[in-house]
Amino acid sequence: MKTLLLCVSCLLTPIWAFAASYVAGDTINAISLVDQHNKSINVTDETRVVLFSRSMKGGDIIKETLQPLSETQFPNNLVYVADISGMPSLIAKFVAVPQMQELPFSIGLDREGEISQMLPDTKDMATMILLDHRNILDIAYFDSSEALGQALAKMNAAQ
């Protein structure tokens, strides 16, 4: 019986390891991606906010929030990261990325899903991660662009 339990726990351990994501108090690894214009975009010690989407709905929430912002309204040290690994590569190449190129802000694209795998998310929501020297202060999830916009406005006012 003990052998059976040991075997089962060894088999399940890798599943649990992949299921883990960052939580408040963790330090995230530096992130380096290429944006929709093939320019480098990085999460560094200076980054204060990471907006993250893994789903189309989460991405729409972030895009609806950021599109109308002027440069003075755009939060300092904000990086938007999108995991597009679930999107078929032809759709990404010929439809999604060209549409993203029309946006007035950069999106760090994780095409393989490996770099952003530890970033927390909730189905069909946008994630906002507040950082201080890559240390996670808080993680919030938003199901509407209005709520995300209000949170970013409060942050901008505090700066």
# chains A, B, ... in the order shown; residues from 1 in each chain; ligands from 1
call {"tool": "residues_around", "arguments": {"residues": "range 111-124 of chain A", "least_positions_apart": "5", "cutoff": "8 Å", "atoms": "only C-alpha atoms", "output": "PyMOL selection string"}}
result
chain A and resi 20-23+31+52-58+81+83-86+141+143
call {"tool": "residues_around", "arguments": {"residues": "range 98-109 of chain A", "least_positions_apart": "4", "cutoff": "8 Å", "atoms": "only C-alpha atoms", "output": "MDAnalysis selection string"}}
result
chainID A and resid 33:37 40:42 66:67 79:84 93:94
call {"tool": "atom_distance", "arguments": {"atom1": "CA of Lys154 in chain A", "atom2": "CA of Gln73 in chain A"}}
result
10.8 Å
call {"tool": "residues_around", "arguments": {"residues": "range 136-140 of chain A", "least_positions_apart": "6", "cutoff": "7 Å", "atoms": "only C-alpha atoms", "output": "list in words"}}
result
Ala24, Gly25, Asp26, Thr27, Thr127, Met128, Ile129 and Leu130 of chain A
call {"tool": "select_by_dssp", "arguments": {"residues": "chain A", "states": "alpha helix (DSSP H)", "output": "ChimeraX atom specification"}}
result
/A:2-19,56-66,89-91,97-100,145-158
call {"tool": "closest_residue", "arguments": {"among": "A:Asp45, A:Ser70, A:Asn76, A:Ser32", "to": "Ala158 in chain A", "atoms": "only C-alpha atoms"}}
result
A:Asn76
call {"tool": "atom_distance", "arguments": {"atom1": "CA of Lys39 in chain A", "atom2": "CA of Met155 in chain A"}}
result
26.6 Å
call {"tool": "atom_distance", "arguments": {"atom1": "CA of Val50 in chain A", "atom2": "CA of Ala126 in chain A"}}
result
10.4 Å
call {"tool": "select_by_dssp", "arguments": {"residues": "range 8-158 of chain A", "states": "strand (DSSP E or B)", "output": "ChimeraX atom specification"}}
result
/A:27,31-34,40-43,49-53,78-83,108-110,126-132,135-142
